[in-house]
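Data file: my_file_27.txt. Format and content: compact mmCIF, C-alpha atoms.
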```txt
# COMPACT_ATOMS: atom_id res chain seq x y z
CA MET A 24 99.36 180.17 -15.62
CA GLU A 25 100.36 180.77 -12.06
CA ASN A 26 97.85 180.04 -9.40
CA ILE A 27 96.40 183.37 -8.27
CA ARG A 28 94.30 183.34 -5.12
CA ILE A 29 92.63 185.88 -2.90
CA ILE A 30 93.23 185.75 0.83
CA GLU A 31 90.54 187.44 2.89
CA VAL A 32 92.21 189.25 5.75
CA LYS A 33 89.68 191.59 7.40
CA GLN A 34 92.22 192.72 9.99
CA SER A 35 92.66 196.17 11.47
CA VAL A 36 96.02 197.69 10.63
CA PHE A 37 96.35 198.81 14.21
CA ALA A 38 95.41 195.36 15.53
CA ALA A 39 98.95 193.98 15.57
CA ASN A 40 100.24 197.02 17.43
CA ASP A 41 97.30 196.98 19.83
CA LYS A 42 98.04 193.36 20.66
CA ARG A 43 101.74 194.05 21.32
CA ALA A 44 100.81 197.09 23.41
CA ALA A 45 98.45 195.02 25.55
CA GLU A 46 101.18 192.40 26.05
CA LEU A 47 103.67 195.07 27.08
CA ARG A 48 101.17 196.61 29.53
CA GLN A 49 100.54 193.19 31.06
CA SER A 50 104.25 192.55 31.55
CA LEU A 51 104.68 196.00 33.13
CA LYS A 52 101.81 195.21 35.48
CA GLU A 53 103.56 192.04 36.61
CA LYS A 54 106.80 193.95 37.18
CA LYS A 55 104.95 196.82 38.91
CA ILE A 56 106.38 199.36 36.49
CA PHE A 57 104.27 202.40 35.62
CA LEU A 58 104.85 203.60 32.05
CA LEU A 59 103.70 207.15 31.32
CA ASN A 60 103.44 208.25 27.70
CA VAL A 61 103.82 212.00 27.27
CA MET A 62 102.60 213.65 24.08
CA SER A 63 102.41 217.24 22.85
CA SER A 64 103.32 219.63 20.06
CA PRO A 65 106.97 220.62 19.61
CA GLY A 66 107.79 223.50 21.94
CA SER A 67 104.92 223.00 24.39
CA GLY A 68 107.37 222.59 27.28
CA LYS A 69 107.46 218.79 27.62
CA THR A 70 111.06 218.57 28.73
CA THR A 71 110.81 221.42 31.27
CA THR A 72 107.56 220.05 32.66
CA LEU A 73 108.96 216.55 33.01
CA THR A 74 112.09 217.85 34.69
CA GLY A 75 109.93 219.55 37.34
CA ILE A 76 107.78 216.47 37.91
CA ILE A 77 110.77 214.10 38.07
CA ASN A 78 112.54 216.25 40.65
CA LEU A 79 109.50 215.95 42.94
CA LEU A 80 109.22 212.16 42.55
CA LYS A 81 112.80 210.95 42.19
CA ASP A 82 113.48 210.42 45.91
CA GLU A 83 110.45 208.20 46.23
CA PHE A 84 110.56 206.24 42.97
CA ARG A 85 113.21 204.72 40.73
CA ILE A 86 112.69 206.64 37.50
CA GLY A 87 113.89 206.07 33.94
CA VAL A 88 113.22 208.38 31.00
CA MET A 89 113.04 207.60 27.30
CA GLU A 90 113.18 210.55 24.94
CA ALA A 91 111.86 209.82 21.47
CA ASP A 92 113.04 212.07 18.71
CA ILE A 93 113.63 211.84 15.04
CA ASP A 94 117.26 212.77 15.66
CA SER A 95 119.68 214.23 18.24
CA ASP A 96 120.04 213.49 21.95
CA VAL A 97 119.46 217.03 23.24
CA ASP A 98 116.44 216.14 25.38
CA ALA A 99 117.98 213.10 27.02
CA ARG A 100 121.07 215.07 28.00
CA THR A 101 118.95 217.95 29.32
CA VAL A 102 116.69 215.75 31.44
CA SER A 103 119.62 213.77 32.78
CA ALA A 104 121.60 216.90 33.65
CA LEU A 105 118.67 218.61 35.39
CA THR A 106 117.34 215.66 37.37
CA GLY A 107 120.17 213.16 37.72
CA VAL A 108 117.92 210.28 36.62
CA GLU A 109 118.81 207.99 33.76
CA ALA A 110 117.55 209.25 30.41
CA ILE A 111 118.11 207.53 27.09
CA GLN A 112 117.36 208.80 23.61
CA LEU A 113 115.31 206.70 21.21
CA HIS A 114 115.73 207.59 17.57
CA THR A 115 112.68 206.83 15.52
CA GLY A 116 114.62 206.89 12.26
CA GLY A 117 112.43 209.49 10.64
CA MET A 118 109.17 208.08 11.95
CA CYS A 119 106.66 210.45 13.49
CA HIS A 120 105.57 208.28 16.40
CA LEU A 121 106.55 205.36 18.60
CA ASP A 122 104.74 202.06 18.46
CA ALA A 123 104.59 199.31 21.06
CA ASP A 124 107.59 197.43 19.68
CA MET A 125 109.84 200.48 19.70
CA THR A 126 108.71 201.26 23.25
CA ARG A 127 109.50 197.73 24.43
CA GLN A 128 112.95 197.91 22.84
CA GLY A 129 113.52 201.24 24.57
CA ILE A 130 112.59 199.79 27.97
CA GLU A 131 114.99 196.90 27.36
CA ALA A 132 117.74 199.43 26.56
CA LEU A 133 117.44 201.11 29.97
CA SER A 134 120.41 200.02 32.07
CA ASN A 135 118.52 198.89 35.14
CA LYS A 136 116.28 196.48 33.23
CA ASP A 137 113.23 195.93 35.39
CA GLY A 138 114.44 198.01 38.33
CA TYR A 139 112.09 200.95 37.82
CA ASP A 140 108.91 202.19 39.45
CA LEU A 141 108.21 204.84 36.84
CA ILE A 142 109.31 205.00 33.22
CA ILE A 143 108.45 208.16 31.34
CA LEU A 144 108.26 208.06 27.57
CA GLU A 145 108.51 211.46 25.95
CA ASN A 146 106.92 210.77 22.60
CA VAL A 147 107.73 212.61 19.36
CA GLY A 148 106.47 216.20 19.42
CA ASN A 149 103.37 215.91 17.27
CA LEU A 150 99.63 215.96 18.01
CA VAL A 151 98.59 213.61 15.21
CA CYS A 152 100.56 210.42 14.80
CA PRO A 153 101.48 209.42 18.38
CA ALA A 154 97.76 209.34 19.19
CA GLU A 155 97.17 206.59 16.63
CA PHE A 156 99.56 204.07 18.12
CA ASP A 157 99.16 202.52 21.55
CA THR A 158 102.65 202.41 23.08
CA GLY A 159 101.70 200.04 25.88
CA ALA A 160 101.74 202.87 28.40
CA VAL A 161 99.60 202.72 31.53
CA ARG A 162 98.47 206.32 31.08
CA ASN A 163 98.71 208.97 28.36
CA MET A 164 99.47 212.54 29.34
CA CYS A 165 99.16 215.42 26.91
CA ILE A 166 100.64 218.89 27.31
CA LEU A 167 99.01 221.81 25.54
CA SER A 168 100.54 225.26 25.88
CA VAL A 169 98.75 228.61 25.88
CA PRO A 170 100.46 230.01 22.72
CA GLU A 171 99.14 227.05 20.71
CA GLY A 172 95.55 228.24 21.17
CA ASP A 173 92.39 227.01 22.90
CA ASP A 174 91.07 225.40 19.70
CA LYS A 175 93.72 222.67 19.45
CA PRO A 176 91.47 220.00 21.01
CA LEU A 177 89.02 220.56 18.16
CA LYS A 178 91.71 220.33 15.51
CA TYR A 179 93.42 217.24 16.92
CA PRO A 180 90.50 215.34 18.46
CA LEU A 181 92.11 211.91 18.66
CA MET A 182 95.01 213.19 20.77
CA PHE A 183 92.58 214.49 23.38
CA GLU A 184 90.41 211.38 23.21
CA VAL A 185 93.31 209.05 24.02
CA SER A 186 94.81 211.27 26.74
CA ASN A 187 93.89 210.41 30.33
CA PHE A 188 95.03 213.78 31.61
CA VAL A 189 96.00 217.08 30.06
CA LEU A 190 98.34 219.77 31.34
CA ILE A 191 97.72 223.30 30.10
CA ASN A 192 101.19 224.83 30.25
CA LYS A 193 102.57 228.39 30.10
CA ILE A 194 99.66 229.94 31.99
CA ASP A 195 102.04 232.78 32.98
CA VAL A 196 101.60 234.26 29.48
CA LEU A 197 97.78 234.03 29.40
CA ASP A 198 97.45 237.83 29.36
CA TYR A 199 99.34 238.08 26.09
CA PHE A 200 97.32 235.60 24.08
CA ASP A 201 93.68 235.28 23.01
CA PHE A 202 93.40 232.08 24.97
CA ASP A 203 90.09 231.35 26.69
CA MET A 204 90.84 228.86 29.49
CA ASP A 205 87.21 227.86 30.04
CA LYS A 206 86.68 227.41 26.33
CA CYS A 207 89.83 225.29 26.09
CA LYS A 208 88.67 223.00 28.90
CA GLU A 209 85.23 222.77 27.33
CA ASN A 210 86.85 221.80 24.01
CA ILE A 211 88.93 219.10 25.71
CA ARG A 212 85.94 217.70 27.63
CA TYR A 213 83.83 217.79 24.47
CA ARG A 214 86.20 215.16 23.10
CA ASN A 215 86.86 213.37 26.35
CA PRO A 216 84.43 213.88 29.24
CA ASN A 217 86.52 211.80 31.69
CA VAL A 218 89.78 213.71 31.31
CA ASP A 219 91.60 215.37 34.22
CA ILE A 220 92.97 218.83 33.45
CA PHE A 221 95.73 220.76 35.24
CA GLU A 222 96.82 224.36 34.73
CA ILE A 223 100.57 224.70 35.08
CA CYS A 224 103.56 226.89 34.40
CA ALA A 225 106.58 224.63 34.08
CA LYS A 226 108.94 227.59 34.01
CA ASN A 227 108.04 228.92 37.48
CA GLY A 228 106.81 225.59 38.89
CA GLN A 229 103.19 226.60 39.34
CA GLY A 230 100.88 223.56 39.49
CA ILE A 231 103.70 221.03 39.10
CA SER A 232 103.36 219.58 42.61
CA GLU A 233 99.64 218.86 42.01
CA VAL A 234 100.58 216.92 38.87
CA ALA A 235 103.32 215.05 40.74
CA ASP A 236 100.82 214.10 43.49
CA TYR A 237 98.37 212.92 40.87
CA ILE A 238 101.02 210.73 39.19
CA ARG A 239 102.10 209.37 42.59
CA ASP A 240 98.51 208.22 43.22
CA LEU A 241 98.35 206.61 39.77
CA ILE A 242 101.57 204.70 40.45
CA TYR A 243 100.28 203.32 43.80
CA GLU A 244 96.97 202.43 42.17
CA TRP A 245 98.79 200.52 39.40
CA ARG A 246 100.87 198.51 41.88
CA LYS A 247 97.86 197.17 43.76
CA MET B 27 105.47 211.10 7.32
CA HIS B 28 102.62 209.41 9.14
CA GLU B 29 101.59 207.56 6.00
CA LEU B 30 105.03 205.99 5.75
CA GLY B 31 104.82 204.65 9.29
CA VAL B 32 101.39 203.24 8.57
CA VAL B 33 102.66 201.59 5.37
CA PHE B 34 105.39 199.84 7.35
CA HIS B 35 102.75 198.47 9.72
CA VAL B 36 100.64 197.19 6.82
CA ILE B 37 103.62 195.56 5.14
CA ASP B 38 104.68 193.86 8.39
CA GLN B 39 101.22 192.35 8.70
CA ILE B 40 101.15 191.32 5.04
CA GLU B 41 104.57 189.66 5.37
CA GLU B 42 103.32 187.65 8.37
CA LEU B 43 100.20 186.57 6.50
CA ALA B 44 102.26 185.70 3.41
CA GLU B 45 104.46 183.39 5.45
CA GLU B 46 101.50 181.71 7.16
CA ASN B 47 99.83 181.09 3.80
CA ASN B 48 102.90 179.93 1.83
CA VAL B 49 102.69 182.86 -0.53
CA THR B 50 105.46 183.36 -3.10
CA HIS B 51 104.35 186.79 -4.28
CA VAL B 52 101.76 189.37 -3.25
CA ASN B 53 100.15 190.96 -6.34
CA SER B 54 97.81 193.41 -4.64
CA VAL B 55 96.52 194.46 -1.24
CA THR B 56 93.09 196.00 -0.63
CA LEU B 57 92.66 198.38 2.29
CA GLN B 58 89.43 199.84 3.64
CA ILE B 59 89.97 203.32 5.00
CA GLY B 60 87.41 205.49 6.75
CA THR B 61 87.22 209.13 5.71
CA VAL B 62 87.96 210.42 9.22
CA THR B 63 91.14 208.44 9.84
CA GLY B 64 93.32 211.34 8.74
CA ILE B 65 95.03 209.09 6.21
CA ILE B 66 95.57 210.70 2.82
CA PRO B 67 95.23 207.98 0.15
CA ASP B 68 97.51 209.67 -2.41
CA TYR B 69 100.34 209.93 0.11
CA LEU B 70 99.72 206.39 1.21
CA ILE B 71 100.07 205.11 -2.36
CA ASP B 72 103.34 207.05 -2.88
CA CYS B 73 104.79 205.59 0.32
CA TRP B 74 103.49 202.16 -0.60
CA ASN B 75 105.10 202.13 -4.04
CA TRP B 76 108.43 203.05 -2.52
CA ALA B 77 108.20 200.61 0.38
CA VAL B 78 107.12 197.50 -1.58
CA SER B 79 110.10 197.89 -3.89
CA LYS B 80 112.24 196.92 -0.89
CA HIS B 81 110.45 193.58 -0.48
CA ASP B 82 111.32 190.81 -2.96
CA ASN B 83 107.95 189.09 -2.60
CA MET B 84 105.99 192.33 -3.02
CA THR B 85 107.58 193.98 -6.06
CA ASP B 86 105.03 196.00 -8.04
CA CYS B 87 102.35 195.01 -5.55
CA ARG B 88 99.32 197.26 -6.14
CA LEU B 89 97.57 199.05 -3.33
CA ILE B 90 93.79 199.26 -3.75
CA ILE B 91 91.93 201.61 -1.43
CA GLU B 92 88.23 201.40 -0.68
CA LYS B 93 86.79 204.39 1.13
CA ILE B 94 84.33 204.05 4.00
CA GLU B 95 82.10 207.10 4.47
CA ALA B 96 82.00 208.59 7.95
CA ILE B 97 78.53 208.43 9.54
CA THR B 98 77.59 209.72 12.98
CA HIS B 99 74.57 208.59 15.01
CA CYS B 100 72.61 210.96 17.26
CA LYS B 101 71.59 209.36 20.54
CA ASP B 102 68.86 211.96 21.12
CA CYS B 103 66.91 211.96 17.84
CA LYS B 104 68.24 208.56 16.64
CA GLN B 105 69.11 209.87 13.17
CA ASN B 106 72.32 209.24 11.24
CA TYR B 107 74.17 211.94 9.36
CA ASN B 108 77.34 212.67 7.37
CA THR B 109 80.21 213.31 9.80
CA ILE B 110 82.44 215.15 7.33
CA ILE B 111 79.79 217.84 6.75
CA TYR B 112 78.29 218.22 10.22
CA GLY B 113 80.96 217.02 12.67
CA LYS B 114 79.90 216.21 16.21
CA LYS B 115 76.72 218.33 16.30
CA CYS B 116 73.56 216.66 14.98
CA PRO B 117 72.08 218.71 12.08
CA TYR B 118 68.54 217.54 12.93
CA CYS B 119 68.28 218.40 16.64
CA GLN B 120 71.58 220.27 17.35
CA SER B 121 72.52 217.74 20.05
CA ASP B 122 76.16 216.96 20.92
CA ASN B 123 75.13 213.58 22.25
CA THR B 124 76.42 211.72 19.20
CA TYR B 125 78.92 209.03 18.32
CA LEU B 126 80.74 207.86 15.21
CA LEU B 127 79.10 204.80 13.67
CA GLN B 128 81.70 204.24 10.98
CA GLY B 129 84.52 206.10 9.26
CA ASN B 130 87.57 205.52 11.45
CA GLU B 131 88.28 202.05 10.04
CA PHE B 132 91.68 201.16 8.76
CA MET B 133 91.47 197.54 7.67
CA ILE B 134 93.35 195.16 5.46
CA LYS B 135 90.45 193.65 3.51
CA GLU B 136 92.18 191.14 1.29
CA MET B 137 95.28 190.34 -0.69
CA GLU B 138 95.77 188.78 -4.11
CA VAL B 139 98.67 186.37 -4.06
CA ILE B 140 100.47 183.68 -5.97
```
Produce structure tokens that represent the structure in this file.
Amino acid sequence: MENIRIIEVKQSVFAANDKRAAELRQSLKEKKIFLLNVMSSPGSGKTTTLTGIINLLKDEFRIGVMEADIDSDVDARTVSALTGVEAIQLHTGGMCHLDADMTRQGIEALSNKDGYDLIILENVGNLVCPAEFDTGAVRNMCILSVPEGDDKPLKYPLMFEVSNFVLINKIDVLDYFDFDMDKCKENIRYRNPNVDIFEICAKNGQGISEVADYIRDLIYEWRK
Amino acid sequence: MHELGVVFHVIDQIEELAEENNVTHVNSVTLQIGTVTGIIPDYLIDCWNWAVSKHDNMTDCRLIIEKIEAITHCKDCKQNYNTIIYGKKCPYCQSDNTYLLQGNEFMIKEMEVI
């Protein structure tokens, strides 16, 4: 009879990832690199929004972009073409989120190694899974667009709990949707009372400079 | 899709523990999963059965799932209630001033090994 034994583990499944994320954040702190994790649904305007923000910050900071997608390199090519900054595509191989290890590997794949002030991670378009895994980012930004509806924070609570700031995008089409802006903000703050919220329209640039200023302050704060 | 990613994380941790403990084969793994984690046990088991078949020391390894009920505590009236039924609003005093006591756990409890 083989010797069967029970090993008591009592370990959180997310613990290993949380530990690696904390290590990554610490190493970024030492290198004075600000990593911003951007999350949203597919089609919320992540790439257009980021393009606008990057164009306002690229003269001041050395910026690298990592686009996470299940497949294709459409986003990386778009961002690179519209901003001139380096953008690489990370393929998740069918996975619905990035974890801390994949993020670290992505940072190592950027050509300039540690020569960045700001690295933007565009996470997989999905409001569920990316929220579960700490990427090691300094801050989490979430984009919610008007056509998605003002009730999304109630349906995807974790996403709004882990986000430090939320952009409400596509406010130019508010008149065409049953979207209650006050209600939406209330729903977000219900989940996360400390969140900062911005109203933007990435397409016409409305509100983008306020977000860029906000990120600039976060970067200087992080370098202290 | 999410369940598969989660299964990979569990298996990575089990593989590390197996090496540390000189394990030749893992017969079963017991997970404790809260009812508000968003994890669907049936999907998890399907992903698990596929994923363990790729690991020589985990072939036919069973996944045992223990559920942890979600309970929320109300800071105003100090009562506890079932989160799944009532959500964030306390059914006793209608307060929103509540927090989750348990139910978002996702733990590896134990493993049976040779």
With the cut-off set at 10 Å and counting all atoms listed in the file, tabulate each residue of stretch 107-181 of chain A with an atom at most that distance from an atom of stretch 41-65 of chain B, showing the nearest atom pair and its distance in Å to one decimal, ordered by chain and increasing number, as CSV.
```
residue,atom,partner,partner_atom,distance
A:Val151,CA,B:Gly64,CA,8.6
A:Cys152,CA,B:Gly64,CA,9.5
A:Glu155,CA,B:Thr63,CA,9.3
A:Leu181,CA,B:Thr63,CA,9.5
```
Near-A:Lys175 list (10 Å; all atoms listed in the file; drop same-chain fewer than 4 positions) as JSON, numbers by chain: {"A": [150, 167, 168, 171, 179, 180, 182, 183, 207, 210, 211]}
Export C-alpha atoms of the chosen residues as an mmCIF file, in the frame of the given file?
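Output (out-v8.cif):
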```
data_model
loop_
_atom_site.group_PDB
_atom_site.id
_atom_site.type_symbol
_atom_site.label_atom_id
_atom_site.label_comp_id
_atom_site.auth_asym_id
_atom_site.auth_seq_id
_atom_site.Cartn_x
_atom_site.Cartn_y
_atom_site.Cartn_z
ATOM 1 C CA LEU A 150 99.630 215.960 18.010
ATOM 2 C CA LEU A 167 99.010 221.810 25.540
ATOM 3 C CA SER A 168 100.540 225.260 25.880
ATOM 4 C CA GLU A 171 99.140 227.050 20.710
ATOM 5 C CA TYR A 179 93.420 217.240 16.920
ATOM 6 C CA PRO A 180 90.500 215.340 18.460
ATOM 7 C CA MET A 182 95.010 213.190 20.770
ATOM 8 C CA PHE A 183 92.580 214.490 23.380
ATOM 9 C CA CYS A 207 89.830 225.290 26.090
ATOM 10 C CA ASN A 210 86.850 221.800 24.010
ATOM 11 C CA ILE A 211 88.930 219.100 25.710
#
```
Contact residues around B:Leu127 with only C-alpha atoms at 12 Å, ignoring same-chain residues under 3 positions, as a ChimeraX atom specification: /B:60,62,94-101,104-109,114,124,130-131
Draw an axis-aligned box over all listed atoms of stretch 76-81 of chain B, pad each side with 8 Å, and write its centre and edge lengths in Å, one decimal, as lines of an AutoDock Vina configuration file.
```
center_x = 109.7
center_y = 198.3
center_z = -1.8
size_x = 21.1
size_y = 25.5
size_z = 20.3
```
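Between chain A and the residues B:Lys115, B:His81, B:Arg88, B:His28, the shortest atom-to-atom distance, using only C-alpha atoms, involves B:His28.
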A:Leu59 surroundings by only C-alpha atoms, 7 Å radius, close-in-sequence under 3 positions cut, as JSON, numbers by chain: {"A": [142, 143, 144, 160, 161, 162, 163]}
Residue with smallest distance to A:Ile130 - pool A:Phe57, A:Phe200, A:Phe188, A:Phe156, counting all atoms listed in the file: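 Nearest to A:Ile130: A:Phe57.
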Chain B residues near chain A (7 Å cut-off, only C-alpha atoms) as a ChimeraX atom specification: /B:27-28,31,35-36,132-140
Kindly assemble as CSV a list of the stretch 38-81 of chain A residues that lie within 12 Å of stretch 223-233 of chain A, each paired with its nearest atom pair and their distance in Å to one decimal, using all atoms listed in the file, sorted first by chain and then by ascending residue number.
```
residue,atom,partner,partner_atom,distance
A:Ser67,CA,A:Ala225,CA,10.0
A:Gly68,CA,A:Ala225,CA,7.1
A:Lys69,CA,A:Ala225,CA,8.8
A:Thr70,CA,A:Ala225,CA,9.2
A:Thr71,CA,A:Ala225,CA,6.0
A:Thr72,CA,A:Ala225,CA,4.9
A:Leu73,CA,A:Ala225,CA,8.5
A:Thr74,CA,A:Ala225,CA,8.8
A:Gly75,CA,A:Ile231,CA,6.6
A:Ile76,CA,A:Ile231,CA,6.2
A:Ile77,CA,A:Ile231,CA,10.0
A:Asn78,CA,A:Ser232,CA,10.0
A:Leu79,CA,A:Ser232,CA,7.1
A:Leu80,CA,A:Ser232,CA,9.5
```
Å distance separating atom CA of A:Glu244 from atom CA of A:Lys55, one decimal place: 10.3 Å
Hey, what's within 7 Å of A:Ile166 if we count all atoms listed in the file and toss same-chain stuff fewer than 2 positions away? As a PDB file with C-alpha atoms, keeping the file's coordinate frame, please?
```pdb
ATOM      1  CA  MET A  62     102.600 213.650  24.080  1.00  0.00           C
ATOM      2  CA  SER A  63     102.410 217.240  22.850  1.00  0.00           C
ATOM      3  CA  SER A  67     104.920 223.000  24.390  1.00  0.00           C
ATOM      4  CA  LYS A  69     107.460 218.790  27.620  1.00  0.00           C
ATOM      5  CA  MET A 164      99.470 212.540  29.340  1.00  0.00           C
ATOM      6  CA  SER A 168     100.540 225.260  25.880  1.00  0.00           C
ATOM      7  CA  VAL A 189      96.000 217.080  30.060  1.00  0.00           C
ATOM      8  CA  LEU A 190      98.340 219.770  31.340  1.00  0.00           C
ATOM      9  CA  ILE A 191      97.720 223.300  30.100  1.00  0.00           C
ATOM     10  CA  ASN A 192     101.190 224.830  30.250  1.00  0.00           C
TER      11      ASN A 192
END
```
Distance criterion (only C-alpha atoms): nearest to A:Leu51 out of A:Gly116, A:Gly148, A:Gly172, A:Gly138: A:Gly138
Atom pair atom CA of A:Thr126 / atom CA of A:Leu113: separation (Å): 8.8 Å
Atom-to-atom span, atom CA of A:Ile93 and atom CA of A:Val147, Å: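 Atom-to-atom, atom CA of A:Ile93 and atom CA of A:Val147 are spaced 7.4 Å apart.
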Counting all atoms listed in the file, the residue of B:Lys93, B:Val33, B:Cys103, B:Thr85 that sits nearest B:Ile71: B:Val33
Among listed residues B:Leu126, B:Glu29, B:Trp74, B:Lys80, nearest B:Tyr112 (using all atoms listed in the file):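 With all atoms listed in the file as the atom set, the closest residue is B:Leu126.
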